[in-house]
Amino acid sequence: MDDTTQKSKYKPVTVEKPIPLQYDLAILAGFDTNALDESRLKNDADTYLEEYTRDGTQLIINQIFKLPVTSSDLGVMAELPDLVTVLPREKPVRWEKFAKIKGVQHRKKSKMIYDEATGEWVPRWGYKGTNDDGANDWLIPVPDNADPFEDQFTKKREVKKERITKNEARHRRNVEEAEIALNQSKGVNDVNTRSLRRTELQKQIIISKTATASMGKFDKHLEGEPKLKGVKRKFEPIIGDVKKEKESSLNILNKVVGKKGDIVNVRKAIAKRDQK
Amino acid sequence: MRQLTEDETKVFFEKLAKYIGRNIVHLIDRSDETYYFRLHNDKVYYMSESLMKQAISVGRDQLISLGVCFGKFTKSKKFKLHITALDYLAQYAKYKVWIKPNGENTFLYGNNVLKAHLGRITDDTPEHQGVVIYSMSDIPLGFGVTARSTVETRKLQPTDIVAFHQADIGEYLREQDTLF
């Protein structure tokens, strides 16, 4: 077989695209931002897409062949670069982790449920919902071993309130854990969210302490409360280093006037040129 | 009495540079003797090294004034130039305005410079530029800020303002007790 027949049999390895592709070779992907040929897409979509895919694949393969290669007993291997595409990190909350271990399936539940007692559709939870655990019942039987003078209605309400606060605390913990994970992903390893919050709180306490008419001078102090130390102003000595002082003021001057400053008076130069 | 901090120096130089530009160098870097800017009671004083060394032995409360007062820092930390700085401003001024003898009196009473009183003005003075104001016999009378550029002043009416009053030597009488 001579050269010409070979050429006609195989398509060229080089592919021309107006906008070069972007590659993420770690996942063997190329991203083509070129516009599709709409007329061809309408008329013969199959062959066009086939060609298009072939071109794209060819380009990716070309890129792979440019990578550094190592040869092992499995054959020649290309070393793929690091991942370019930023993928969102998995961030499971505590419940999701637990559900995964226990194999708890998530079922989609409808928001409204049928209340057989009243014959109405009511929300599963929330305002006018059904999960009030009988707090709206007109009568609650007193349990056998309960205090007969205890108000069962308030008890139920309090129990529910407690549940809500507990859940809120859990939510806070989840948020904190997510924050820690975020810090770790940013490379701030040793910073604990709690200690962060602690220092933040302490700062706010200090600020709030001075928020009285006397700037906290006459406030009652706790025993063993550390004394607040403000930032002490520090000035250079009256007669210090002459050279240093001169230098620093010249530096400031340069910053104020600009290094070249007004050596060339642009206005004057323009006026002179115009006169000529 | 103390050295100016970096921020203070910056504010001070910015104001000073409006009048004498880069010539501040000649105040800092003098050939005869080392001169310093020092802050005392929020006022900036310019003094020679020998004077400063003598003044160190005076207590802070007892020290009233020394050297040449250039101006003061306001409560909002802006800088206000005093007329006492005029000697140095006049020496190194980049832009000057001369006023006619009939305008001298009104200027010395603290009024702005009008077109009618304008005798001469440095060529190509830009708008809102710090200028030193002289009498026709080249006696510095004070300083101000131009209201218009040199080119625009030519088109002005006689009653229009050419330069805004900042300070004048009349203040030596009017503000004796706060000036130094």
# chains A, B, ... in the order shown; residues from 1 in each chain; ligands from 1
>>> interface_residues(of="chain A", to="chain B", cutoff="10 Å", atoms="only C-alpha atoms", output="VMD selection string")
chain A and resid 234 to 240 242 245 to 263 265 to 271
>>> residues_around(residues="region 193-201 of chain A", least_positions_apart="5", cutoff="12 Å", atoms="only C-alpha atoms", output="PyMOL selection string")
chain A and resi 172-184+188+206-208
>>> closest_residue(among="B:Ser57, B:Ser76, B:Ser31, B:Thr150", to="Glu8 (chain B)", atoms="only C-alpha atoms")
B:Ser76
>>> residues_around(residues="region 83-96 of chain B", least_positions_apart="3", cutoff="10 Å", atoms="only C-alpha atoms", output="PyMOL selection string")
chain B and resi 16-24+26-27+45-46+68-71+80+99+120-126+129-134+138-144+146+166-172+179-180
>>> write_last_selection(atoms="N, CA and C atoms", output="tab-separated table (two decimals), in the first residue's frame")
chain	number	residue	atom	x	y	z
B	16	LEU	N	1.37	70.71	53.07
B	16	LEU	CA	2.51	71.57	52.75
B	16	LEU	C	2.83	71.52	51.26
B	17	ALA	N	2.70	70.31	50.68
B	17	ALA	CA	3.05	70.13	49.27
B	17	ALA	C	2.11	70.90	48.36
B	18	LYS	N	0.94	71.25	48.87
B	18	LYS	CA	0.01	72.03	48.05
B	18	LYS	C	0.60	73.40	47.74
B	19	TYR	N	1.46	73.89	48.62
B	19	TYR	CA	2.03	75.22	48.44
B	19	TYR	C	3.43	75.17	47.86
B	20	ILE	N	4.26	74.26	48.37
B	20	ILE	CA	5.66	74.29	47.95
B	20	ILE	C	6.10	73.02	47.24
B	21	GLY	N	5.19	72.08	47.05
B	21	GLY	CA	5.51	70.88	46.26
B	21	GLY	C	6.71	70.14	46.79
B	22	ARG	N	7.62	69.81	45.93
B	22	ARG	CA	8.78	69.01	46.32
B	22	ARG	C	9.79	69.79	47.14
B	23	ASN	N	9.60	71.10	47.20
B	23	ASN	CA	10.57	71.92	47.93
B	23	ASN	C	10.62	71.61	49.42
B	24	ILE	N	9.72	70.75	49.88
B	24	ILE	CA	9.77	70.31	51.28
B	24	ILE	C	11.14	69.70	51.58
B	26	HIS	N	13.91	70.81	50.88
B	26	HIS	CA	14.85	71.82	51.39
B	26	HIS	C	14.62	72.12	52.86
B	27	LEU	N	13.43	71.80	53.36
B	27	LEU	CA	13.17	71.98	54.78
B	27	LEU	C	13.75	70.83	55.59
B	45	TYR	N	5.94	72.17	65.09
B	45	TYR	CA	6.97	73.20	65.16
B	45	TYR	C	8.18	72.77	64.33
B	46	TYR	N	8.83	73.75	63.77
B	46	TYR	CA	10.02	73.51	62.95
B	46	TYR	C	11.18	74.16	63.68
B	68	VAL	N	9.48	77.55	64.91
B	68	VAL	CA	8.47	78.17	64.07
B	68	VAL	C	7.26	77.25	64.03
B	69	CYS	N	6.11	77.78	64.39
B	69	CYS	CA	4.90	76.96	64.34
B	69	CYS	C	4.40	76.89	62.90
B	70	PHE	N	4.28	75.68	62.37
B	70	PHE	CA	3.81	75.54	60.98
B	70	PHE	C	2.30	75.42	60.92
B	71	GLY	N	1.70	74.99	62.00
B	71	GLY	CA	0.24	74.84	61.98
B	71	GLY	C	-0.16	73.83	63.02
B	80	LYS	N	-3.94	72.12	59.67
B	80	LYS	CA	-4.26	73.49	59.30
B	80	LYS	C	-2.98	74.30	59.37
B	99	ILE	N	-1.04	91.05	44.65
B	99	ILE	CA	-2.25	91.87	44.63
B	99	ILE	C	-1.90	93.36	44.68
B	120	ARG	N	-0.83	90.36	39.56
B	120	ARG	CA	-0.07	89.45	38.73
B	120	ARG	C	-0.32	88.04	39.25
B	121	ILE	N	-0.14	87.07	38.40
B	121	ILE	CA	-0.29	85.69	38.86
B	121	ILE	C	0.69	84.82	38.09
B	122	THR	N	1.24	83.82	38.73
B	122	THR	CA	2.17	82.93	38.05
B	122	THR	C	1.48	82.29	36.86
B	123	ASP	N	2.22	82.20	35.77
B	123	ASP	CA	1.66	81.55	34.57
B	123	ASP	C	1.28	80.11	34.89
B	124	ASP	N	0.31	79.62	34.12
B	124	ASP	CA	-0.12	78.22	34.23
B	124	ASP	C	-0.35	77.74	35.66
B	125	THR	N	-0.93	78.60	36.50
B	125	THR	CA	-1.36	78.12	37.82
B	125	THR	C	-2.64	77.33	37.63
B	126	PRO	N	-2.69	76.11	38.11
B	126	PRO	CA	-3.94	75.34	37.96
B	126	PRO	C	-5.01	75.80	38.94
B	129	GLN	N	-5.15	75.44	43.46
B	129	GLN	CA	-3.74	75.26	43.78
B	129	GLN	C	-3.39	76.20	44.93
B	130	GLY	N	-2.63	75.70	45.88
B	130	GLY	CA	-2.19	76.56	46.97
B	130	GLY	C	-1.24	77.61	46.44
B	131	VAL	N	-1.49	78.88	46.76
B	131	VAL	CA	-0.61	79.96	46.29
B	131	VAL	C	-0.25	80.85	47.47
B	132	VAL	N	0.92	81.46	47.36
B	132	VAL	CA	1.32	82.47	48.35
B	132	VAL	C	0.97	83.83	47.76
B	133	ILE	N	0.43	84.68	48.59
B	133	ILE	CA	-0.05	85.97	48.09
B	133	ILE	C	0.91	87.08	48.54
B	134	TYR	N	1.34	87.87	47.56
B	134	TYR	CA	2.32	88.94	47.80
B	134	TYR	C	1.69	90.28	47.50
B	138	ASP	N	6.42	92.73	46.54
B	138	ASP	CA	6.97	91.41	46.89
B	138	ASP	C	7.06	91.15	48.38
B	139	ILE	N	6.14	91.69	49.14
B	139	ILE	CA	6.08	91.34	50.56
B	139	ILE	C	5.00	90.27	50.71
B	140	PRO	N	5.36	89.12	51.23
B	140	PRO	CA	4.33	88.08	51.40
B	140	PRO	C	3.26	88.52	52.39
B	141	LEU	N	2.02	88.39	51.99
B	141	LEU	CA	0.91	88.84	52.83
B	141	LEU	C	0.11	87.67	53.42
B	142	GLY	N	0.22	86.52	52.79
B	142	GLY	CA	-0.56	85.38	53.28
B	142	GLY	C	-0.58	84.30	52.22
B	143	PHE	N	-1.49	83.36	52.40
B	143	PHE	CA	-1.63	82.35	51.36
B	143	PHE	C	-3.08	81.95	51.17
B	144	GLY	N	-3.34	81.35	50.02
B	144	GLY	CA	-4.72	80.98	49.69
B	144	GLY	C	-4.75	79.87	48.68
B	146	THR	N	-6.26	78.98	44.74
B	146	THR	CA	-6.84	79.62	43.55
B	146	THR	C	-8.25	79.07	43.29
B	166	GLN	N	-6.81	81.81	52.84
B	166	GLN	CA	-6.51	80.77	53.82
B	166	GLN	C	-5.95	81.39	55.10
B	167	ALA	N	-4.93	82.21	54.92
B	167	ALA	CA	-4.34	82.88	56.08
B	167	ALA	C	-3.69	84.17	55.61
B	168	ASP	N	-3.63	85.15	56.49
B	168	ASP	CA	-2.97	86.40	56.13
B	168	ASP	C	-2.25	86.94	57.35
B	169	ILE	N	-1.35	87.90	57.14
B	169	ILE	CA	-0.54	88.36	58.28
B	169	ILE	C	-1.35	89.20	59.26
B	170	GLY	N	-2.56	89.54	58.90
B	170	GLY	CA	-3.45	90.21	59.85
B	170	GLY	C	-3.77	89.33	61.04
B	171	GLU	N	-3.61	88.04	60.85
B	171	GLU	CA	-3.90	87.11	61.94
B	171	GLU	C	-2.93	87.27	63.10
B	172	TYR	N	-1.77	87.81	62.83
B	172	TYR	CA	-0.83	88.05	63.94
B	172	TYR	C	-1.48	88.94	64.99
B	179	LEU	N	-2.23	81.46	67.96
B	179	LEU	CA	-1.43	81.27	66.74
B	179	LEU	C	-0.17	80.45	66.96
B	180	PHE	N	0.49	80.66	68.08
B	180	PHE	CA	1.83	80.08	68.21
B	180	PHE	C	1.83	78.75	68.94
>>> select_by_dssp(residues="region 66-167 of chain A", states="strand (DSSP E or B)", output="ChimeraX atom specification")
/A:69-72,75-78,112-115,120-123
>>> residues_around(residues="Val162 (chain B)", least_positions_apart="6", cutoff="10 Å", atoms="only C-alpha atoms", output="ChimeraX atom specification")
/B:97,112-118,121,127,144-150,152-154,156
>>> select_by_dssp(residues="region 12-167 of chain B", states="alpha helix (DSSP H)", output="PyMOL selection string")
chain B and resi 12-20+24-28+49-55+86-92+101-108+150-153
>>> write_last_selection(atoms="C-alpha atoms", output="short mmCIF file (atom, residue, chain, number, x, y, z; two decimals), in the first residue's frame")
data_model
loop_
_atom_site.label_atom_id
_atom_site.label_comp_id
_atom_site.auth_asym_id
_atom_site.auth_seq_id
_atom_site.Cartn_x
_atom_site.Cartn_y
_atom_site.Cartn_z
CA PHE B 12 1.24 67.37 57.15
CA PHE B 13 3.30 66.94 54.00
CA GLU B 14 0.21 66.64 51.85
CA LYS B 15 -0.92 70.03 53.02
CA LEU B 16 2.51 71.57 52.75
CA ALA B 17 3.05 70.13 49.27
CA LYS B 18 0.01 72.03 48.05
CA TYR B 19 2.03 75.22 48.44
CA ILE B 20 5.66 74.29 47.95
CA ILE B 24 9.77 70.31 51.28
CA VAL B 25 13.07 68.55 50.69
CA HIS B 26 14.85 71.82 51.39
CA LEU B 27 13.17 71.98 54.78
CA ILE B 28 14.13 68.45 55.74
CA GLU B 49 18.70 70.74 66.50
CA SER B 50 20.37 73.05 69.00
CA LEU B 51 17.08 74.67 69.93
CA MET B 52 15.43 71.31 70.32
CA LYS B 53 18.15 70.06 72.61
CA GLN B 54 17.68 73.09 74.82
CA ALA B 55 13.92 72.64 74.85
CA LEU B 86 4.53 82.02 55.77
CA ASP B 87 8.27 82.71 55.86
CA TYR B 88 9.04 79.24 54.59
CA LEU B 89 6.09 79.04 52.23
CA ALA B 90 7.07 82.35 50.62
CA GLN B 91 10.63 81.19 50.26
CA TYR B 92 9.76 78.01 48.39
CA PRO B 101 -2.15 98.06 46.82
CA ASN B 102 -5.88 98.78 46.92
CA GLY B 103 -6.58 95.09 47.55
CA GLU B 104 -4.03 94.62 50.29
CA ASN B 105 -6.21 95.96 53.05
CA THR B 106 -9.24 93.79 52.32
CA PHE B 107 -7.07 90.72 52.04
CA LEU B 108 -5.41 91.48 55.38
CA THR B 150 -4.58 81.47 35.22
CA VAL B 151 -6.19 81.18 31.81
CA GLU B 152 -9.70 81.32 33.21
CA THR B 153 -8.99 84.34 35.43
#
>>> atom_distance(atom1="CA of Glu175 (chain B)", atom2="CA of Lys72 (chain B)")
13.8 Å
>>> closest_residue(among="A:Leu41, A:Leu36, A:Val122, A:Leu28", to="Thr85 (chain A)", atoms="only C-alpha atoms")
A:Leu28
>>> atom_distance(atom1="CA of Gln202 (chain A)", atom2="CA of Lys229 (chain A)")
13.5 Å
>>> atom_distance(atom1="CA of Ile64 (chain A)", atom2="CA of Ala78 (chain A)")
6.9 Å
>>> residues_around(residues="Leu21 (chain A)", least_positions_apart="5", cutoff="12 Å", atoms="only C-alpha atoms", output="ChimeraX atom specification")
/A:15-16,29-35,55-60,62-63
>>> write_last_selection(atoms="C-alpha atoms", output="mmCIF file, in the first residue's frame")
data_model
loop_
_atom_site.group_PDB
_atom_site.id
_atom_site.type_symbol
_atom_site.label_atom_id
_atom_site.label_comp_id
_atom_site.auth_asym_id
_atom_site.auth_seq_id
_atom_site.Cartn_x
_atom_site.Cartn_y
_atom_site.Cartn_z
ATOM 1 C CA VAL A 15 -7.930 18.439 13.874
ATOM 2 C CA GLU A 16 -8.523 22.111 13.248
ATOM 3 C CA ALA A 29 -12.162 14.941 29.249
ATOM 4 C CA GLY A 30 -11.991 17.721 26.721
ATOM 5 C CA PHE A 31 -14.361 20.654 26.605
ATOM 6 C CA ASP A 32 -15.259 22.039 23.224
ATOM 7 C CA THR A 33 -16.678 25.558 23.296
ATOM 8 C CA ASN A 34 -16.952 25.884 19.512
ATOM 9 C CA ALA A 35 -20.392 26.461 18.060
ATOM 10 C CA ASP A 55 -12.512 14.847 16.128
ATOM 11 C CA GLY A 56 -12.922 15.445 19.838
ATOM 12 C CA THR A 57 -11.597 12.021 20.724
ATOM 13 C CA GLN A 58 -8.669 12.513 18.362
ATOM 14 C CA LEU A 59 -7.797 15.776 20.100
ATOM 15 C CA ILE A 60 -7.887 14.157 23.539
ATOM 16 C CA ASN A 62 -3.295 13.810 20.825
ATOM 17 C CA GLN A 63 -3.067 15.476 24.217
#
>>> residues_around(residues="Ser110 (chain A)", least_positions_apart="2", cutoff="9 Å", atoms="only C-alpha atoms", output="list in words")
Lys108, Met112, Ile113, Pro123 and Arg124 of chain A
>>> decode(residues="region 47-71 of chain B", atoms="N, CA and C atoms", output="PDB file, in the first residue's frame")
ATOM      1  N   MET B  47      12.169  73.364  64.008  1.00  0.00           N
ATOM      2  CA  MET B  47      13.233  73.931  64.839  1.00  0.00           C
ATOM      3  C   MET B  47      14.575  73.322  64.509  1.00  0.00           C
ATOM      4  N   SER B  48      15.612  74.028  64.904  1.00  0.00           N
ATOM      5  CA  SER B  48      16.963  73.523  64.682  1.00  0.00           C
ATOM      6  C   SER B  48      17.298  72.532  65.792  1.00  0.00           C
ATOM      7  N   GLU B  49      18.328  71.771  65.546  1.00  0.00           N
ATOM      8  CA  GLU B  49      18.703  70.739  66.503  1.00  0.00           C
ATOM      9  C   GLU B  49      19.118  71.351  67.845  1.00  0.00           C
ATOM     10  N   SER B  50      19.867  72.446  67.768  1.00  0.00           N
ATOM     11  CA  SER B  50      20.369  73.054  69.004  1.00  0.00           C
ATOM     12  C   SER B  50      19.217  73.553  69.861  1.00  0.00           C
ATOM     13  N   LEU B  51      18.238  74.159  69.192  1.00  0.00           N
ATOM     14  CA  LEU B  51      17.076  74.667  69.926  1.00  0.00           C
ATOM     15  C   LEU B  51      16.303  73.519  70.570  1.00  0.00           C
ATOM     16  N   MET B  52      16.191  72.435  69.811  1.00  0.00           N
ATOM     17  CA  MET B  52      15.427  71.308  70.319  1.00  0.00           C
ATOM     18  C   MET B  52      16.111  70.713  71.547  1.00  0.00           C
ATOM     19  N   LYS B  53      17.426  70.632  71.488  1.00  0.00           N
ATOM     20  CA  LYS B  53      18.153  70.055  72.615  1.00  0.00           C
ATOM     21  C   LYS B  53      17.972  70.892  73.865  1.00  0.00           C
ATOM     22  N   GLN B  54      17.908  72.213  73.670  1.00  0.00           N
ATOM     23  CA  GLN B  54      17.679  73.086  74.824  1.00  0.00           C
ATOM     24  C   GLN B  54      16.269  72.886  75.365  1.00  0.00           C
ATOM     25  N   ALA B  55      15.330  72.698  74.447  1.00  0.00           N
ATOM     26  CA  ALA B  55      13.924  72.642  74.853  1.00  0.00           C
ATOM     27  C   ALA B  55      13.596  71.349  75.590  1.00  0.00           C
ATOM     28  N   ILE B  56      14.431  70.332  75.420  1.00  0.00           N
ATOM     29  CA  ILE B  56      14.152  69.047  76.066  1.00  0.00           C
ATOM     30  C   ILE B  56      14.092  69.200  77.583  1.00  0.00           C
ATOM     31  N   SER B  57      14.886  70.131  78.081  1.00  0.00           N
ATOM     32  CA  SER B  57      14.928  70.283  79.539  1.00  0.00           C
ATOM     33  C   SER B  57      13.704  71.012  80.084  1.00  0.00           C
ATOM     34  N   VAL B  58      12.847  71.486  79.202  1.00  0.00           N
ATOM     35  CA  VAL B  58      11.630  72.158  79.663  1.00  0.00           C
ATOM     36  C   VAL B  58      10.498  71.131  79.713  1.00  0.00           C
ATOM     37  N   GLY B  59       9.755  71.168  80.809  1.00  0.00           N
ATOM     38  CA  GLY B  59       8.677  70.199  80.970  1.00  0.00           C
ATOM     39  C   GLY B  59       7.580  70.399  79.940  1.00  0.00           C
ATOM     40  N   ARG B  60       6.803  69.355  79.759  1.00  0.00           N
ATOM     41  CA  ARG B  60       5.770  69.407  78.726  1.00  0.00           C
ATOM     42  C   ARG B  60       4.722  70.485  79.045  1.00  0.00           C
ATOM     43  N   ASP B  61       4.356  70.570  80.319  1.00  0.00           N
ATOM     44  CA  ASP B  61       3.336  71.545  80.689  1.00  0.00           C
ATOM     45  C   ASP B  61       3.864  72.968  80.616  1.00  0.00           C
ATOM     46  N   GLN B  62       5.149  73.080  80.907  1.00  0.00           N
ATOM     47  CA  GLN B  62       5.725  74.425  80.934  1.00  0.00           C
ATOM     48  C   GLN B  62       6.044  74.941  79.525  1.00  0.00           C
ATOM     49  N   LEU B  63       6.310  74.019  78.607  1.00  0.00           N
ATOM     50  CA  LEU B  63       6.709  74.421  77.260  1.00  0.00           C
ATOM     51  C   LEU B  63       5.497  74.984  76.528  1.00  0.00           C
ATOM     52  N   ILE B  64       5.601  76.209  76.110  1.00  0.00           N
ATOM     53  CA  ILE B  64       4.470  76.838  75.421  1.00  0.00           C
ATOM     54  C   ILE B  64       4.671  76.797  73.924  1.00  0.00           C
ATOM     55  N   SER B  65       5.828  77.200  73.484  1.00  0.00           N
ATOM     56  CA  SER B  65       6.063  77.267  72.051  1.00  0.00           C
ATOM     57  C   SER B  65       7.555  77.284  71.801  1.00  0.00           C
ATOM     58  N   LEU B  66       7.950  76.778  70.645  1.00  0.00           N
ATOM     59  CA  LEU B  66       9.368  76.868  70.288  1.00  0.00           C
ATOM     60  C   LEU B  66       9.506  76.792  68.792  1.00  0.00           C
ATOM     61  N   GLY B  67      10.583  77.326  68.311  1.00  0.00           N
ATOM     62  CA  GLY B  67      10.827  77.289  66.873  1.00  0.00           C
ATOM     63  C   GLY B  67       9.751  78.033  66.118  1.00  0.00           C
ATOM     64  N   VAL B  68       9.483  77.550  64.914  1.00  0.00           N
ATOM     65  CA  VAL B  68       8.466  78.168  64.068  1.00  0.00           C
ATOM     66  C   VAL B  68       7.263  77.246  64.027  1.00  0.00           C
ATOM     67  N   CYS B  69       6.110  77.784  64.388  1.00  0.00           N
ATOM     68  CA  CYS B  69       4.900  76.960  64.340  1.00  0.00           C
ATOM     69  C   CYS B  69       4.404  76.893  62.900  1.00  0.00           C
ATOM     70  N   PHE B  70       4.280  75.684  62.365  1.00  0.00           N
ATOM     71  CA  PHE B  70       3.810  75.538  60.984  1.00  0.00           C
ATOM     72  C   PHE B  70       2.297  75.424  60.916  1.00  0.00           C
ATOM     73  N   GLY B  71       1.697  74.989  61.999  1.00  0.00           N
ATOM     74  CA  GLY B  71       0.243  74.836  61.985  1.00  0.00           C
ATOM     75  C   GLY B  71      -0.159  73.830  63.021  1.00  0.00           C
TER      76      GLY B  71
END
